[in-house]
>>> print(open('structure_30.txt').read())   # compact mmCIF, C-alpha atoms
# COMPACT_ATOMS: atom_id res chain seq x y z
CA MET A 1 -1.14 -0.22 18.77
CA ASN A 2 -4.83 -0.18 19.69
CA LYS A 3 -6.23 -3.61 18.83
CA GLN A 4 -9.48 -2.04 17.67
CA LEU A 5 -7.74 -0.37 14.75
CA GLU A 6 -8.33 -2.45 11.67
CA ARG A 7 -6.80 0.07 9.30
CA TYR A 8 -3.70 2.19 9.72
CA ASP A 9 -5.18 5.66 9.39
CA PHE A 10 -4.38 9.16 10.65
CA ALA A 11 -5.94 8.37 14.02
CA ALA A 12 -3.56 5.44 14.44
CA ILE A 13 -0.54 7.58 13.54
CA GLN A 14 -1.66 10.35 15.89
CA LYS A 15 -2.05 7.86 18.73
CA LYS A 16 1.48 6.55 18.13
CA LEU A 17 3.11 9.97 17.85
CA GLY A 18 1.15 12.26 20.12
CA PRO A 19 0.02 15.75 19.07
CA GLU A 20 3.37 17.45 19.63
CA ASP A 21 5.63 14.94 17.92
CA PRO A 22 8.20 16.67 15.69
CA LEU A 23 8.49 13.86 13.13
CA HIS A 24 5.71 15.31 10.99
CA GLY A 25 5.70 18.87 9.76
CA PHE A 26 1.93 18.71 9.69
CA LEU A 27 -0.48 16.11 11.00
CA SER A 28 -4.27 16.41 11.22
CA GLU A 29 -7.22 14.15 10.61
CA ASN A 30 -7.00 14.78 6.85
CA VAL A 31 -3.37 15.31 5.88
CA ALA A 32 0.10 14.29 7.06
CA LEU A 33 3.52 15.39 5.81
CA LEU A 34 6.77 13.62 6.65
CA MET A 35 9.87 15.47 5.52
CA ALA A 36 12.65 13.20 6.84
CA GLY A 37 11.67 9.73 7.99
CA ASN A 38 14.64 7.50 8.80
CA LYS A 39 14.71 3.83 9.76
CA ASP A 40 14.09 4.43 13.47
CA LYS A 41 11.24 6.91 12.91
CA LEU A 42 9.48 4.77 10.32
CA GLY A 43 9.90 1.65 12.42
CA PHE A 44 8.19 3.44 15.29
CA ILE A 45 5.26 4.57 13.13
CA LEU A 46 4.92 1.37 11.06
CA PRO A 47 5.90 -1.86 12.85
CA PHE A 48 8.19 -4.11 10.82
CA HIS A 49 7.03 -7.53 9.55
CA GLU A 50 3.33 -6.88 10.21
CA PRO A 51 0.89 -6.31 7.31
CA LEU A 52 -1.09 -3.08 7.61
CA ILE A 53 -3.94 -1.66 5.54
CA LEU A 54 -3.35 1.98 4.62
CA GLU A 55 -6.52 4.02 4.83
CA GLU A 56 -5.32 7.02 2.84
CA VAL A 57 -3.53 7.82 -0.41
CA ARG A 58 0.22 8.06 0.17
CA ILE A 59 2.97 9.46 -2.04
CA GLY A 60 6.62 9.52 -1.09
CA TYR A 61 10.14 9.40 -2.43
CA ILE A 62 13.26 7.69 -1.12
CA ARG A 63 16.01 10.19 -0.47
CA LYS A 64 18.72 7.65 0.27
CA GLY A 65 19.32 4.04 1.24
CA GLU A 66 17.18 1.04 0.28
CA ALA A 67 14.42 -1.11 1.70
CA ASP A 68 12.46 -4.30 1.10
CA TYR A 69 8.67 -4.21 1.34
CA THR A 70 5.79 -6.52 0.54
CA ILE A 71 3.08 -4.38 -1.05
CA ASN A 72 -0.24 -5.89 -2.14
CA LEU A 73 1.36 -9.37 -1.99
CA ILE A 74 4.36 -8.50 -4.20
CA PRO A 75 7.90 -8.28 -2.74
CA VAL A 76 9.60 -5.08 -3.89
CA HIS A 77 13.10 -3.71 -3.40
CA LEU A 78 13.19 0.09 -3.40
CA SER A 79 16.20 2.37 -3.45
CA ALA A 80 17.13 6.06 -3.62
CA ASN A 81 15.32 8.21 -6.22
CA THR A 82 12.28 5.93 -6.24
CA ILE A 83 8.91 7.70 -6.13
CA ILE A 84 6.16 5.62 -4.50
CA PHE A 85 2.39 5.88 -4.88
CA LEU A 86 0.06 3.80 -2.68
CA ASN A 87 -3.69 4.08 -3.12
CA ARG A 88 -6.24 3.76 -0.33
CA GLY A 89 -6.61 0.15 0.83
CA SER A 90 -3.07 -0.92 -0.04
CA ILE A 91 -1.61 -3.60 2.22
CA ILE A 92 2.01 -2.93 3.15
CA LYS A 93 4.57 -4.85 5.17
CA ILE A 94 8.07 -3.51 5.89
CA GLU A 95 10.62 -6.32 5.70
CA GLN A 96 13.90 -4.47 6.20
CA MET A 97 15.64 -1.12 5.68
CA SER A 98 19.24 -0.05 5.38
CA ASP A 99 20.60 2.03 8.26
CA ASP A 100 20.85 5.13 6.03
CA TYR A 101 17.29 4.82 4.68
CA GLU A 102 15.38 8.10 4.47
CA LEU A 103 11.88 8.76 3.10
CA ALA A 104 9.76 11.88 2.61
CA GLY A 105 6.12 12.06 1.59
CA PHE A 106 2.53 12.90 2.36
CA SER A 107 -0.90 11.33 2.94
CA LEU A 108 -4.32 12.66 2.03
CA SER A 109 -7.72 11.51 3.26
CA ASP A 110 -10.58 10.95 0.84
CA TYR A 111 -12.38 13.85 2.53
CA LEU A 112 -9.59 16.26 1.59
CA LEU A 113 -9.34 14.83 -1.92
CA THR A 114 -13.06 15.38 -2.44
CA ALA A 115 -12.95 18.86 -0.91
CA SER A 116 -9.97 19.88 -3.05
CA PHE A 117 -10.72 18.20 -6.36
CA GLY A 118 -14.46 17.47 -6.35
CA SER A 119 -14.04 13.72 -6.81
CA ARG A 120 -11.42 10.98 -6.89
CA HIS A 121 -12.48 10.51 -10.50
CA ASP A 122 -11.00 13.93 -11.32
CA ILE A 123 -7.52 12.49 -10.62
CA PRO A 124 -6.89 9.59 -13.06
CA LEU A 125 -4.04 8.29 -10.93
CA LEU A 126 -6.45 7.46 -8.09
CA ASN A 127 -8.63 5.28 -10.30
CA GLN A 128 -6.02 3.36 -12.30
CA TYR A 129 -3.42 2.08 -9.88
CA SER A 130 -3.22 0.42 -6.48
CA GLU A 131 0.50 1.08 -6.25
CA LEU A 132 3.31 2.22 -8.49
CA PHE A 133 7.05 2.74 -8.26
CA ILE A 134 8.92 5.19 -10.46
CA HIS A 135 12.70 5.18 -10.86
CA ALA A 136 13.13 8.91 -11.28
CA SER A 137 16.00 11.17 -12.28
CA ASP A 138 17.56 13.67 -9.87
CA GLU A 139 15.68 16.46 -11.66
CA GLU A 140 12.31 14.67 -11.38
CA VAL A 141 12.83 13.93 -7.69
CA SER A 142 13.80 17.56 -7.18
CA VAL A 143 10.43 18.69 -8.61
CA VAL A 144 8.56 16.44 -6.17
CA GLU A 145 10.74 17.61 -3.27
CA ASN A 146 10.23 21.29 -4.11
CA LEU A 147 6.44 20.90 -4.32
CA LEU A 148 6.39 19.03 -1.01
CA GLU A 149 8.53 21.69 0.66
CA ALA A 150 6.22 24.41 -0.68
CA ALA A 151 3.22 22.63 0.88
CA TRP A 152 5.18 22.21 4.13
CA LYS A 153 6.03 25.92 4.36
CA MET A 154 2.56 27.08 3.40
CA MET A 155 0.80 24.82 5.92
CA HIS A 156 2.94 26.24 8.70
CA GLN A 157 1.79 29.78 8.00
CA GLN A 158 -0.95 31.13 10.18
CA ASP A 159 -4.34 31.02 8.37
CA PHE A 160 -2.77 29.39 5.32
CA ASN A 161 -4.71 29.32 2.06
CA ARG A 162 -6.25 25.83 1.81
CA GLU A 163 -7.11 26.20 -1.86
CA ALA A 164 -3.48 26.98 -2.68
CA VAL A 165 -2.28 23.97 -0.69
CA GLY A 166 -4.85 21.79 -2.43
CA SER A 167 -3.47 22.95 -5.76
CA ILE A 168 0.02 21.86 -4.71
CA PHE A 169 -1.24 18.39 -3.81
CA ALA A 170 -3.11 18.22 -7.13
CA ALA A 171 0.08 19.18 -8.95
CA LEU A 172 1.97 16.42 -7.13
CA LEU A 173 -0.63 13.81 -8.02
CA HIS A 174 -0.71 14.85 -11.67
CA TYR A 175 3.08 15.02 -11.88
CA VAL A 176 3.53 11.52 -10.44
CA SER A 177 0.91 10.24 -12.89
CA HIS A 178 2.83 11.90 -15.74
CA LEU A 179 6.12 10.32 -14.64
CA TYR A 180 4.51 6.89 -14.46
CA ASP A 181 2.96 7.23 -17.92
CA LYS A 182 6.34 8.29 -19.27
CA MET A 183 8.10 5.33 -17.66
CA THR A 184 5.42 2.91 -18.89
CA ASN A 185 5.74 4.18 -22.46
CA GLN A 186 9.50 3.67 -22.31
CA GLN A 187 9.11 0.14 -20.98
CA HIS A 188 6.21 -0.86 -23.22
CA GLN A 189 8.43 -2.69 -25.68
CA ILE A 190 9.71 -5.13 -23.02
CA ILE A 191 6.47 -5.79 -21.10
CA THR A 192 5.08 -9.13 -22.25
CA HIS A 193 1.44 -10.05 -22.62
CA GLY A 194 1.98 -12.74 -19.99
CA TYR A 195 3.26 -10.25 -17.44
CA GLU A 196 0.33 -7.92 -18.09
CA LEU A 197 -2.06 -10.83 -17.39
CA PHE A 198 -0.12 -11.68 -14.23
CA GLN A 199 -0.51 -8.09 -13.00
CA LYS A 200 -4.25 -8.23 -13.72
CA PHE A 201 -4.49 -11.54 -11.85
CA ILE A 202 -2.74 -10.12 -8.76
CA HIS A 203 -5.01 -7.06 -8.83
CA LEU A 204 -8.09 -9.32 -8.86
CA VAL A 205 -6.68 -11.46 -6.07
CA ASN A 206 -6.14 -8.39 -3.89
CA GLN A 207 -9.75 -7.37 -4.52
CA HIS A 208 -11.55 -10.71 -4.13
CA SER A 209 -9.45 -13.26 -2.23
CA HIS A 210 -11.31 -12.67 1.05
CA GLN A 211 -14.32 -14.30 -0.60
CA GLU A 212 -13.03 -16.19 -3.66
CA ARG A 213 -10.29 -18.84 -3.46
CA GLN A 214 -11.05 -20.88 -6.58
CA LEU A 215 -8.93 -20.44 -9.70
CA ALA A 216 -12.08 -20.74 -11.82
CA PHE A 217 -13.33 -17.38 -10.51
CA TYR A 218 -10.18 -15.54 -11.65
CA ALA A 219 -9.99 -17.40 -14.96
CA ASN A 220 -13.56 -16.36 -15.73
CA LYS A 221 -12.79 -12.74 -14.86
CA LEU A 222 -9.85 -12.78 -17.27
CA PHE A 223 -11.72 -14.75 -19.96
CA LEU A 224 -9.12 -17.55 -19.83
CA SER A 225 -9.22 -21.27 -19.18
CA GLN A 226 -8.12 -22.41 -15.72
CA ARG A 227 -5.32 -24.50 -17.20
CA TYR A 228 -3.92 -21.64 -19.28
CA LEU A 229 -4.09 -19.15 -16.40
CA GLY A 230 -2.45 -21.58 -13.99
CA THR A 231 0.39 -22.28 -16.42
CA LEU A 232 0.89 -18.59 -17.18
CA ILE A 233 1.04 -17.55 -13.51
CA LYS A 234 3.60 -20.26 -12.76
CA GLN A 235 5.74 -19.23 -15.72
CA GLU A 236 5.63 -15.52 -14.92
CA SER A 237 6.12 -15.66 -11.14
CA GLY A 238 7.57 -19.03 -10.20
CA LYS A 239 4.59 -19.57 -7.89
CA THR A 240 1.29 -21.26 -8.55
CA ALA A 241 -1.94 -19.29 -8.74
CA LYS A 242 -3.11 -21.08 -5.60
CA GLU A 243 0.00 -19.94 -3.71
CA TRP A 244 -0.78 -16.32 -4.61
CA ILE A 245 -4.42 -16.70 -3.55
CA ASP A 246 -3.40 -18.36 -0.28
CA LYS A 247 -0.89 -15.58 0.39
CA ALA A 248 -3.59 -12.94 -0.05
CA VAL A 249 -6.04 -14.75 2.25
CA VAL A 250 -3.42 -15.21 4.96
CA THR A 251 -2.36 -11.55 4.71
CA ASP A 252 -5.98 -10.46 5.23
CA ALA A 253 -6.22 -12.84 8.19
CA GLN A 254 -2.99 -11.47 9.72
CA VAL A 255 -4.29 -7.90 9.52
CA LEU A 256 -7.56 -8.89 11.20
CA LEU A 257 -5.78 -10.90 13.89
CA LYS A 258 -3.27 -8.19 14.78
CA HIS A 259 -5.38 -5.06 14.44
CA THR A 260 -8.91 -5.98 15.46
CA ASP A 261 -10.60 -7.66 18.41
CA LYS A 262 -12.66 -9.93 16.16
CA THR A 263 -12.91 -13.51 17.32
CA ILE A 264 -11.45 -16.40 15.35
CA ALA A 265 -15.00 -17.40 14.41
CA GLU A 266 -15.78 -13.88 13.15
CA ILE A 267 -12.59 -13.77 11.07
CA SER A 268 -13.30 -17.24 9.69
CA ASN A 269 -16.76 -16.12 8.62
CA GLU A 270 -15.50 -12.82 7.14
CA LEU A 271 -12.95 -14.71 5.03
CA ASN A 272 -15.61 -17.14 3.81
CA PHE A 273 -14.39 -20.33 5.47
CA ALA A 274 -16.83 -23.15 6.16
CA ASN A 275 -16.03 -23.11 9.90
CA PRO A 276 -13.35 -21.87 12.35
CA SER A 277 -11.69 -25.29 12.51
CA PHE A 278 -11.07 -25.30 8.78
CA PHE A 279 -9.76 -21.72 8.94
CA CYS A 280 -7.33 -22.62 11.74
CA LYS A 281 -5.97 -25.62 9.82
CA TYR A 282 -5.61 -23.51 6.68
CA PHE A 283 -3.77 -20.72 8.56
CA ARG A 284 -1.41 -23.17 10.33
CA ARG A 285 -0.63 -25.04 7.10
CA ILE A 286 0.58 -21.85 5.42
CA THR A 287 2.18 -19.94 8.32
CA GLY A 288 3.25 -22.72 10.71
CA LEU A 289 1.30 -20.99 13.50
CA SER A 290 -2.26 -21.19 14.72
CA PRO A 291 -4.30 -17.95 14.49
CA GLN A 292 -4.14 -17.70 18.30
CA GLU A 293 -0.34 -18.06 18.31
CA TYR A 294 0.05 -15.43 15.60
CA ARG A 295 -2.20 -13.00 17.48
CA LYS A 296 -0.19 -13.39 20.69
CA GLY A 297 3.20 -13.21 18.98
>>> encode(input="structure_30.txt", output="structure tokens")
Amino acid sequence: MNKQLERYDFAAIQKKLGPEDPLHGFLSENVALLMAGNKDKLGFILPFHEPLILEEVRIGYIRKGEADYTINLIPVHLSANTIIFLNRGSIIKIEQMSDDYELAGFSLSDYLLTASFGSRHDIPLLNQYSELFIHASDEEVSVVENLLEAAWKMMHQQDFNREAVGSIFAALLHYVSHLYDKMTNQQHQIITHGYELFQKFIHLVNQHSHQERQLAFYANKLFLSQRYLGTLIKQESGKTAKEWIDKAVVTDAQVLLKHTDKTIAEISNELNFANPSFFCKYFRRITGLSPQEYRKG
């Protein structure tokens, strides 16, 4: 992968695949469709065990098999009939996949979203969630698959109608949002207040950890005392708040080390460390490797 690529966008995928690659039914600078991605294909496009920042909105569904990911710091196990939504800026790391794993889905650039819908704000899903996972029924997955296949067929027609295709993507986004709202309503009785606060904490950490590493900052944002927040996070997750913050900082550092040519000093400064020496000690303490060793590995 080109070391100058900080984010994993359409240009990065195109560089990996080449313009004539048959893995995608359609691939341009604004939209990509993948109709049958298996373990080998996905491993070629997205390297395993390396965190990557996704530049575009992505929606997919797992046709069969299962996989382990780390998405926005949280380990998740996903299996067949799971619908996945990842918003722009999500950080994803593939841990492992079963040999029979198969995924289908699509990606849209912000340019296409704006051109099709006027604004991201016109699609509530894009403004509420960083990521979501829906355990869908066969019928619900079939609706998503049929819409995706309709977009696939239409985009392969000569001089296809872009407005019609945009309407299909809008329908997919709204349908996924509907399924998530339905699932959330069903689960509302068992979601505790503590877990809701934990989710809010993780969301804030993903947004601010590159600059803020003190628990006081997050406690203030959530209108809680540091002691209460620290106790709650430990109870809900089994990890301390500091461990979650450190994990986010290191993930950001790993992305910058692997996918940019920025110097250690530049990365240290971007992540708000006092100096490169302190950054290197911090990175080694958590990962067991120096930043230089991780970059070369």
>>> closest_atom_pairs(input="structure_30.txt", of="range 113-134 of chain A", to="range 75-94 of chain A", cutoff="12 Å", atoms="only C-alpha atoms", output="CSV")
residue,atom,partner,partner_atom,distance
A:Leu113,CA,A:Arg88,CA,11.6
A:Arg120,CA,A:Asn87,CA,11.0
A:Ile123,CA,A:Asn87,CA,11.9
A:Pro124,CA,A:Asn87,CA,11.8
A:Leu125,CA,A:Asn87,CA,8.9
A:Leu126,CA,A:Asn87,CA,6.6
A:Asn127,CA,A:Asn87,CA,8.8
A:Gln128,CA,A:Asn87,CA,9.5
A:Tyr129,CA,A:Asn87,CA,7.1
A:Ser130,CA,A:Asn87,CA,5.0
A:Glu131,CA,A:Leu86,CA,4.5
A:Leu132,CA,A:Phe85,CA,5.2
A:Phe133,CA,A:Ile84,CA,4.8
A:Ile134,CA,A:Ile83,CA,5.0
>>> residues_around(input="structure_30.txt", residues="Glu139 in chain A", least_positions_apart="5", cutoff="12 Å", atoms="all atoms listed in the file", output="list in words")
Asn81, Val144, Glu145, Asn146 and Leu179 of chain A
>>> write_last_selection(input="structure_30.txt", atoms="C-alpha atoms", output="tab-separated table (two decimals), in the coordinates of the input")
chain	number	residue	atom	x	y	z
A	81	ASN	CA	15.32	8.21	-6.22
A	144	VAL	CA	8.56	16.44	-6.17
A	145	GLU	CA	10.74	17.61	-3.27
A	146	ASN	CA	10.23	21.29	-4.11
A	179	LEU	CA	6.12	10.32	-14.64
>>> atom_distance(input="structure_30.txt", atom1="CA of Thr70 in chain A", atom2="CA of Gly105 in chain A")
18.6 Å
>>> closest_residue(input="structure_30.txt", among="A:Leu34, A:Leu256, A:Ala67, A:Leu73", to="Gln199 in chain A", atoms="only C-alpha atoms")
A:Leu73
>>> closest_residue(input="structure_30.txt", among="A:Ser177, A:Ser109, A:Gln96, A:Asn269", to="Leu46 in chain A", atoms="all atoms listed in the file")
A:Gln96
>>> closest_residue(input="structure_30.txt", among="A:Asn30, A:Ala150, A:Arg284, A:Glu50", to="Asp110 in chain A", atoms="all atoms listed in the file")
A:Asn30
>>> closest_residue(input="structure_30.txt", among="A:Asp252, A:Thr231, A:Thr192, A:Ser237", to="Asn206 in chain A", atoms="only C-alpha atoms")
A:Asp252
>>> atom_distance(input="structure_30.txt", atom1="CA of Glu163 in chain A", atom2="CA of Asp122 in chain A")
16.0 Å
>>> closest_residue(input="structure_30.txt", among="A:His210, A:His156, A:Gly37, A:Ser167", to="Asn272 in chain A", atoms="only C-alpha atoms")
A:His210
>>> closest_residue(input="structure_30.txt", among="A:Asn220, A:Tyr195, A:Val255, A:Glu293", to="Ile233 in chain A", atoms="only C-alpha atoms")
A:Tyr195
>>> atom_distance(input="structure_30.txt", atom1="CA of Ser116 in chain A", atom2="CA of Ala164 in chain A")
9.6 Å
